[in-house]
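Presented below is the structure to which this report refers.
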Amino acid sequence: MAKQLNASLAFINIPSDQPEQSAQFYQALFGTELVPALSDQESYHATISDDGIDLNVTARHSPQEATTPFLGVKNLDQAISTAQSNGGRVVWGPEDVTIPDDDIEEYRQAVREVDGVEVRTNKLGRAAIVADPGGGQVGLVQLEEHAHRHFNVGRHYRPLGDYRERIMARSRQAAERRGRVRGRRG
């Protein structure tokens with residue numbers, strides 16, 4: 001009997017020393033708009049499939065950081081333990097993924113409007129990057145319930161239809177309302 005994967009792809013993170021220029025590059029390359037993300041650091045994002053997968057361009061955390069797919073897991077601590085017991089090691093985290101205080105109300109309103117869900121925390125989830133014994137890296141993220149629909153995980157693991165367009169339009173509006181343009185926070 002085939003086993004089901006205990007994780008699902010949530011997002012792909014592309015670290016950059018110049019996030020704005022990289023976002024423009026990927027926007028041209030993939031033909032999709034990357035909008036300023038609700039983040040403490042300069043970063044951009046786009047939902048790139050109806051499967052709930054995001055493409056993120058963020059400031060590089062360390063010189064060794066490479067493009068990393070992040071897989072949504074049910075229990076981050078358990079996934080890290082499994083990685084370590086199989087010869088892997090943690091190279092970053094675990095760390096909370098949070099929405100900045102000055103953006104949380106905008107985020108709560110967007111999730112309420114688009115998903116009909118109340119957000120009671122500024123936490124998106126917890127994440128870590130693990131390396132396998134051969135040096136390959138993968139990100140692991142345990143998402144909060146309010147983020148499940150966006151990333152199509154948990155009970156929301158199903159096709160999303162027009163969700164991609166709705167959430168991207170809402171992200172653009174939020175960025176414009178907050179005076180955010182590439183490379184500058186308002």
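Labels used: A, B, ... for chains in the order of the structure tokens, numbers from 1 for residues in each chain, and numbers from 1 for ligands as shown.
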Query raised in the report: Near range 18-29 of chain A, counting only C-alpha atoms, which residues have an atom at most 9 Å away, once you skip same-chain residues fewer than 2 positions from it, shown as a PyMOL selection string?
Result: chain A and resi 14-16+31-35+42-45+56-60+182-183
Those selected residues, please, written with all heavy atoms and delivered as a short mmCIF file (atom, residue, chain, number, x, y, z; two decimals), in the first residue's frame.
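And here is the file that came out, part13.cif:
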```
data_model
loop_
_atom_site.label_atom_id
_atom_site.label_comp_id
_atom_site.auth_asym_id
_atom_site.auth_seq_id
_atom_site.Cartn_x
_atom_site.Cartn_y
_atom_site.Cartn_z
N ILE A 14 12.79 32.24 -2.11
CA ILE A 14 14.01 32.58 -2.85
C ILE A 14 14.70 33.70 -2.09
O ILE A 14 14.23 34.84 -2.10
CB ILE A 14 13.68 33.01 -4.30
CG1 ILE A 14 12.95 31.88 -5.03
CG2 ILE A 14 14.96 33.42 -5.02
CD1 ILE A 14 12.46 32.24 -6.42
N PRO A 15 15.80 33.39 -1.40
CA PRO A 15 16.52 34.42 -0.67
C PRO A 15 17.33 35.28 -1.63
O PRO A 15 17.83 34.80 -2.65
CB PRO A 15 17.43 33.63 0.27
CG PRO A 15 17.64 32.34 -0.42
CD PRO A 15 16.39 32.07 -1.22
N SER A 16 17.46 36.55 -1.31
CA SER A 16 18.16 37.47 -2.20
C SER A 16 18.89 38.55 -1.42
O SER A 16 18.41 38.99 -0.37
CB SER A 16 17.15 38.13 -3.15
OG SER A 16 17.77 39.13 -3.92
N GLY A 31 5.73 35.96 -15.19
CA GLY A 31 4.53 36.64 -15.65
C GLY A 31 3.46 36.80 -14.59
O GLY A 31 2.28 36.82 -14.89
N THR A 32 3.87 36.93 -13.34
CA THR A 32 2.91 37.13 -12.25
C THR A 32 3.41 38.25 -11.36
O THR A 32 4.62 38.45 -11.21
CB THR A 32 2.71 35.83 -11.44
OG1 THR A 32 1.60 36.01 -10.55
CG2 THR A 32 3.94 35.44 -10.65
N GLU A 33 2.50 38.99 -10.78
CA GLU A 33 2.87 40.11 -9.93
C GLU A 33 3.29 39.63 -8.54
O GLU A 33 2.61 38.82 -7.92
CB GLU A 33 1.67 41.05 -9.79
CG GLU A 33 1.96 42.26 -8.94
CD GLU A 33 0.76 43.18 -8.80
OE1 GLU A 33 -0.37 42.76 -9.12
OE2 GLU A 33 0.96 44.32 -8.34
N LEU A 34 4.43 40.11 -8.07
CA LEU A 34 4.86 39.88 -6.70
C LEU A 34 4.61 41.17 -5.95
O LEU A 34 5.08 42.23 -6.36
CB LEU A 34 6.35 39.49 -6.64
CG LEU A 34 6.62 38.03 -6.96
CD1 LEU A 34 6.93 37.87 -8.43
CD2 LEU A 34 7.73 37.50 -6.11
N VAL A 35 3.85 41.09 -4.87
CA VAL A 35 3.48 42.28 -4.11
C VAL A 35 4.22 42.28 -2.77
O VAL A 35 4.63 41.23 -2.28
CB VAL A 35 1.95 42.36 -3.89
CG1 VAL A 35 1.23 42.48 -5.22
CG2 VAL A 35 1.43 41.19 -3.10
N GLU A 42 12.12 43.33 4.16
CA GLU A 42 11.71 43.55 2.77
C GLU A 42 11.48 42.19 2.12
O GLU A 42 12.38 41.35 2.07
CB GLU A 42 12.78 44.32 2.01
CG GLU A 42 12.38 44.60 0.58
CD GLU A 42 13.46 45.31 -0.22
OE1 GLU A 42 14.57 45.52 0.30
OE2 GLU A 42 13.17 45.65 -1.37
N SER A 43 10.26 41.95 1.67
CA SER A 43 9.95 40.70 1.00
C SER A 43 8.73 40.88 0.11
O SER A 43 7.95 41.81 0.29
CB SER A 43 9.71 39.58 2.02
OG SER A 43 8.61 39.88 2.85
N TYR A 44 8.59 39.97 -0.84
CA TYR A 44 7.53 40.03 -1.84
C TYR A 44 6.95 38.64 -2.00
O TYR A 44 7.64 37.64 -1.76
CB TYR A 44 8.10 40.54 -3.18
CG TYR A 44 8.77 41.87 -3.01
CD1 TYR A 44 10.12 41.96 -2.70
CD2 TYR A 44 8.03 43.04 -3.12
CE1 TYR A 44 10.73 43.19 -2.51
CE2 TYR A 44 8.64 44.28 -2.93
CZ TYR A 44 9.99 44.34 -2.62
OH TYR A 44 10.58 45.55 -2.42
N HIS A 45 5.68 38.57 -2.41
CA HIS A 45 5.08 37.24 -2.58
C HIS A 45 4.04 37.25 -3.68
O HIS A 45 3.50 38.29 -4.06
CB HIS A 45 4.46 36.74 -1.27
CG HIS A 45 3.16 37.40 -0.95
ND1 HIS A 45 1.96 36.78 -1.15
CD2 HIS A 45 2.87 38.62 -0.46
CE1 HIS A 45 0.98 37.59 -0.78
NE2 HIS A 45 1.51 38.73 -0.35
N ASN A 56 7.91 33.26 -2.61
CA ASN A 56 8.37 34.36 -1.75
C ASN A 56 9.78 34.75 -2.15
O ASN A 56 10.62 33.89 -2.36
CB ASN A 56 8.39 33.94 -0.28
CG ASN A 56 7.02 33.61 0.24
OD1 ASN A 56 6.02 34.16 -0.19
ND2 ASN A 56 6.96 32.68 1.17
N VAL A 57 10.03 36.05 -2.23
CA VAL A 57 11.39 36.57 -2.41
C VAL A 57 11.67 37.38 -1.15
O VAL A 57 10.97 38.35 -0.85
CB VAL A 57 11.50 37.45 -3.67
CG1 VAL A 57 12.89 38.05 -3.77
CG2 VAL A 57 11.16 36.64 -4.92
N THR A 58 12.69 36.94 -0.39
CA THR A 58 12.98 37.55 0.90
C THR A 58 14.45 37.93 1.00
O THR A 58 15.28 37.46 0.23
CB THR A 58 12.65 36.58 2.05
OG1 THR A 58 13.48 35.42 1.92
CG2 THR A 58 11.19 36.17 2.04
N ALA A 59 14.76 38.75 1.99
CA ALA A 59 16.16 39.08 2.27
C ALA A 59 16.86 37.81 2.74
O ALA A 59 16.31 37.02 3.52
CB ALA A 59 16.24 40.16 3.35
N ARG A 60 18.07 37.62 2.27
CA ARG A 60 18.86 36.44 2.63
C ARG A 60 19.23 36.49 4.12
O ARG A 60 19.69 37.50 4.61
CB ARG A 60 20.12 36.40 1.77
CG ARG A 60 20.94 35.14 1.91
CD ARG A 60 22.17 35.15 1.01
NE ARG A 60 21.87 35.46 -0.37
CZ ARG A 60 21.42 34.58 -1.27
NH1 ARG A 60 21.21 33.34 -0.92
NH2 ARG A 60 21.17 34.96 -2.50
N ARG A 182 7.91 49.00 -3.98
CA ARG A 182 9.12 48.17 -3.95
C ARG A 182 10.26 48.90 -3.25
O ARG A 182 10.58 50.03 -3.58
CB ARG A 182 9.53 47.80 -5.36
CG ARG A 182 8.52 46.90 -6.01
CD ARG A 182 9.13 46.21 -7.20
NE ARG A 182 8.14 45.41 -7.86
CZ ARG A 182 7.77 44.20 -7.45
NH1 ARG A 182 8.30 43.69 -6.38
NH2 ARG A 182 6.87 43.52 -8.12
N GLY A 183 10.84 48.22 -2.27
CA GLY A 183 12.03 48.74 -1.59
C GLY A 183 11.76 49.79 -0.52
O GLY A 183 12.68 50.30 0.08
#
```
How close does each residue of range 48-117 of chain A get to range 128-149 of chain A, giving the shortest atom pair and distance in Å to one decimal for every residue with an atom at most 8 Å away, counting only C-alpha atoms, sorted by chain and residue number, as JSON lines?
```
{"residue": "A:Gly52", "atom": "CA", "partner": "A:Arg149", "partner_atom": "CA", "distance": 7.6}
{"residue": "A:Thr68", "atom": "CA", "partner": "A:Val138", "partner_atom": "CA", "distance": 5.8}
{"residue": "A:Pro69", "atom": "CA", "partner": "A:Gly139", "partner_atom": "CA", "distance": 5.8}
{"residue": "A:Phe70", "atom": "CA", "partner": "A:Gly139", "partner_atom": "CA", "distance": 4.1}
{"residue": "A:Leu71", "atom": "CA", "partner": "A:Leu140", "partner_atom": "CA", "distance": 5.0}
{"residue": "A:Gly72", "atom": "CA", "partner": "A:Val141", "partner_atom": "CA", "distance": 4.8}
{"residue": "A:Val73", "atom": "CA", "partner": "A:Gln142", "partner_atom": "CA", "distance": 5.2}
{"residue": "A:Lys74", "atom": "CA", "partner": "A:Gln142", "partner_atom": "CA", "distance": 5.9}
{"residue": "A:Asn75", "atom": "CA", "partner": "A:Gln142", "partner_atom": "CA", "distance": 6.1}
{"residue": "A:Leu76", "atom": "CA", "partner": "A:Gln142", "partner_atom": "CA", "distance": 5.5}
{"residue": "A:Ala79", "atom": "CA", "partner": "A:Leu140", "partner_atom": "CA", "distance": 7.8}
{"residue": "A:Ile80", "atom": "CA", "partner": "A:Val130", "partner_atom": "CA", "distance": 7.5}
{"residue": "A:Ala83", "atom": "CA", "partner": "A:Val130", "partner_atom": "CA", "distance": 7.3}
{"residue": "A:Gly87", "atom": "CA", "partner": "A:Pro133", "partner_atom": "CA", "distance": 5.5}
{"residue": "A:Gly88", "atom": "CA", "partner": "A:Asp132", "partner_atom": "CA", "distance": 4.4}
{"residue": "A:Arg89", "atom": "CA", "partner": "A:Ala131", "partner_atom": "CA", "distance": 5.4}
{"residue": "A:Val90", "atom": "CA", "partner": "A:Val130", "partner_atom": "CA", "distance": 4.4}
{"residue": "A:Val91", "atom": "CA", "partner": "A:Val130", "partner_atom": "CA", "distance": 5.5}
{"residue": "A:Trp92", "atom": "CA", "partner": "A:Ile129", "partner_atom": "CA", "distance": 5.1}
{"residue": "A:Gly93", "atom": "CA", "partner": "A:Ala128", "partner_atom": "CA", "distance": 4.4}
{"residue": "A:Pro94", "atom": "CA", "partner": "A:Ala128", "partner_atom": "CA", "distance": 4.4}
{"residue": "A:Glu95", "atom": "CA", "partner": "A:Ala128", "partner_atom": "CA", "distance": 6.5}
{"residue": "A:Val111", "atom": "CA", "partner": "A:His146", "partner_atom": "CA", "distance": 7.6}
{"residue": "A:Asp115", "atom": "CA", "partner": "A:Arg149", "partner_atom": "CA", "distance": 7.4}
{"residue": "A:Val117", "atom": "CA", "partner": "A:His146", "partner_atom": "CA", "distance": 6.5}
```
Those residues with N, CA and C atoms, as a PDB file, in the first residue's frame please?
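The new file part07.pdb reads:
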```
ATOM      1  N   GLY A  52      -2.450  26.598  -3.648  1.00  0.00           N
ATOM      2  CA  GLY A  52      -2.116  27.367  -2.462  1.00  0.00           C
ATOM      3  C   GLY A  52      -0.636  27.608  -2.280  1.00  0.00           C
ATOM      4  N   THR A  68      14.591  27.526  -1.222  1.00  0.00           N
ATOM      5  CA  THR A  68      14.123  26.470  -0.345  1.00  0.00           C
ATOM      6  C   THR A  68      12.618  26.280  -0.473  1.00  0.00           C
ATOM      7  N   PRO A  69      12.186  25.057  -0.805  1.00  0.00           N
ATOM      8  CA  PRO A  69      10.747  24.783  -0.720  1.00  0.00           C
ATOM      9  C   PRO A  69      10.389  24.551   0.750  1.00  0.00           C
ATOM     10  N   PHE A  70       9.273  25.102   1.191  1.00  0.00           N
ATOM     11  CA  PHE A  70       8.789  24.882   2.546  1.00  0.00           C
ATOM     12  C   PHE A  70       7.570  23.983   2.484  1.00  0.00           C
ATOM     13  N   LEU A  71       7.644  22.888   3.216  1.00  0.00           N
ATOM     14  CA  LEU A  71       6.551  21.931   3.269  1.00  0.00           C
ATOM     15  C   LEU A  71       5.778  22.112   4.560  1.00  0.00           C
ATOM     16  N   GLY A  72       4.459  22.215   4.426  1.00  0.00           N
ATOM     17  CA  GLY A  72       3.599  22.330   5.597  1.00  0.00           C
ATOM     18  C   GLY A  72       3.501  20.992   6.303  1.00  0.00           C
ATOM     19  N   VAL A  73       3.773  20.985   7.604  1.00  0.00           N
ATOM     20  CA  VAL A  73       3.698  19.765   8.401  1.00  0.00           C
ATOM     21  C   VAL A  73       2.704  19.976   9.541  1.00  0.00           C
ATOM     22  N   LYS A  74       2.160  18.878  10.053  1.00  0.00           N
ATOM     23  CA  LYS A  74       1.197  18.976  11.150  1.00  0.00           C
ATOM     24  C   LYS A  74       1.867  19.332  12.468  1.00  0.00           C
ATOM     25  N   ASN A  75       3.087  18.822  12.686  1.00  0.00           N
ATOM     26  CA  ASN A  75       3.776  19.032  13.958  1.00  0.00           C
ATOM     27  C   ASN A  75       5.252  19.284  13.668  1.00  0.00           C
ATOM     28  N   LEU A  76       5.692  20.523  13.787  1.00  0.00           N
ATOM     29  CA  LEU A  76       7.063  20.897  13.457  1.00  0.00           C
ATOM     30  C   LEU A  76       8.084  20.183  14.344  1.00  0.00           C
ATOM     31  N   ALA A  79       8.469  16.651  13.237  1.00  0.00           N
ATOM     32  CA  ALA A  79       9.158  16.571  11.943  1.00  0.00           C
ATOM     33  C   ALA A  79      10.660  16.801  12.120  1.00  0.00           C
ATOM     34  N   ILE A  80      11.035  17.766  12.971  1.00  0.00           N
ATOM     35  CA  ILE A  80      12.458  18.017  13.240  1.00  0.00           C
ATOM     36  C   ILE A  80      13.086  16.794  13.906  1.00  0.00           C
ATOM     37  N   ALA A  83      13.664  14.185  11.343  1.00  0.00           N
ATOM     38  CA  ALA A  83      14.810  14.545  10.500  1.00  0.00           C
ATOM     39  C   ALA A  83      16.118  14.230  11.217  1.00  0.00           C
ATOM     40  N   GLY A  87      19.555  11.296  10.548  1.00  0.00           N
ATOM     41  CA  GLY A  87      20.829  11.843  10.091  1.00  0.00           C
ATOM     42  C   GLY A  87      20.794  13.286   9.633  1.00  0.00           C
ATOM     43  N   GLY A  88      19.650  13.942   9.746  1.00  0.00           N
ATOM     44  CA  GLY A  88      19.543  15.344   9.343  1.00  0.00           C
ATOM     45  C   GLY A  88      19.936  16.283  10.468  1.00  0.00           C
ATOM     46  N   ARG A  89      20.022  17.566  10.136  1.00  0.00           N
ATOM     47  CA  ARG A  89      20.334  18.567  11.153  1.00  0.00           C
ATOM     48  C   ARG A  89      19.556  19.835  10.845  1.00  0.00           C
ATOM     49  N   VAL A  90      19.290  20.590  11.891  1.00  0.00           N
ATOM     50  CA  VAL A  90      18.588  21.867  11.749  1.00  0.00           C
ATOM     51  C   VAL A  90      19.619  22.923  11.375  1.00  0.00           C
ATOM     52  N   VAL A  91      19.369  23.668  10.291  1.00  0.00           N
ATOM     53  CA  VAL A  91      20.288  24.737   9.888  1.00  0.00           C
ATOM     54  C   VAL A  91      19.719  26.126  10.177  1.00  0.00           C
ATOM     55  N   TRP A  92      18.428  26.200  10.460  1.00  0.00           N
ATOM     56  CA  TRP A  92      17.788  27.467  10.850  1.00  0.00           C
ATOM     57  C   TRP A  92      16.513  27.135  11.601  1.00  0.00           C
ATOM     58  N   GLY A  93      16.271  27.874  12.680  1.00  0.00           N
ATOM     59  CA  GLY A  93      15.043  27.728  13.436  1.00  0.00           C
ATOM     60  C   GLY A  93      15.157  26.639  14.490  1.00  0.00           C
ATOM     61  N   PRO A  94      14.027  26.192  15.024  1.00  0.00           N
ATOM     62  CA  PRO A  94      12.693  26.668  14.678  1.00  0.00           C
ATOM     63  C   PRO A  94      12.464  28.088  15.185  1.00  0.00           C
ATOM     64  N   GLU A  95      11.673  28.796  14.428  1.00  0.00           N
ATOM     65  CA  GLU A  95      11.411  30.193  14.726  1.00  0.00           C
ATOM     66  C   GLU A  95       9.968  30.520  14.354  1.00  0.00           C
ATOM     67  N   VAL A 111      -8.056  38.411   6.017  1.00  0.00           N
ATOM     68  CA  VAL A 111      -8.446  37.011   6.223  1.00  0.00           C
ATOM     69  C   VAL A 111      -9.937  36.912   6.525  1.00  0.00           C
ATOM     70  N   ASP A 115     -11.516  34.878   3.721  1.00  0.00           N
ATOM     71  CA  ASP A 115     -11.711  33.512   4.213  1.00  0.00           C
ATOM     72  C   ASP A 115     -12.851  33.360   5.216  1.00  0.00           C
ATOM     73  N   VAL A 117     -12.588  34.002   8.399  1.00  0.00           N
ATOM     74  CA  VAL A 117     -11.964  33.441   9.594  1.00  0.00           C
ATOM     75  C   VAL A 117     -11.443  34.575  10.468  1.00  0.00           C
TER      76      VAL A 117
END
```
**Report entry** Given only C-alpha atoms as the counted atoms, nearest of A:Glu165, A:Glu118, A:Asp96, A:Asp103 to Pro36 in chain A
**Finding:** A:Asp103
Report task. Mind giving me the straight-line distance from CA of Arg108 in chain A to CA of Leu9 in chain A in Å, one decimal? Result ->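 Distance reported for this atom pair: 23.7 Å.
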**Report entry** Nearest candidate to Leu124 in chain A (options A:Ser85, A:Gln64, A:Ser39, A:Gln109; using only C-alpha atoms)
**Finding:** A:Ser39
Requested in this report: Using CA of Thr67 in chain A and CA of Gly125 in chain A as the two end points, give the distance in Å to one decimal.
Outcome: 19.7 Å
Requested in this report: Using only C-alpha atoms, find the one residue out of A:Leu55, A:Ala169, A:Gln41, A:Lys123 that sits nearest to Asn13 in chain A.
Outcome: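 Among the listed residues, the smallest separation from Asn13 in chain A belongs to A:Leu55.
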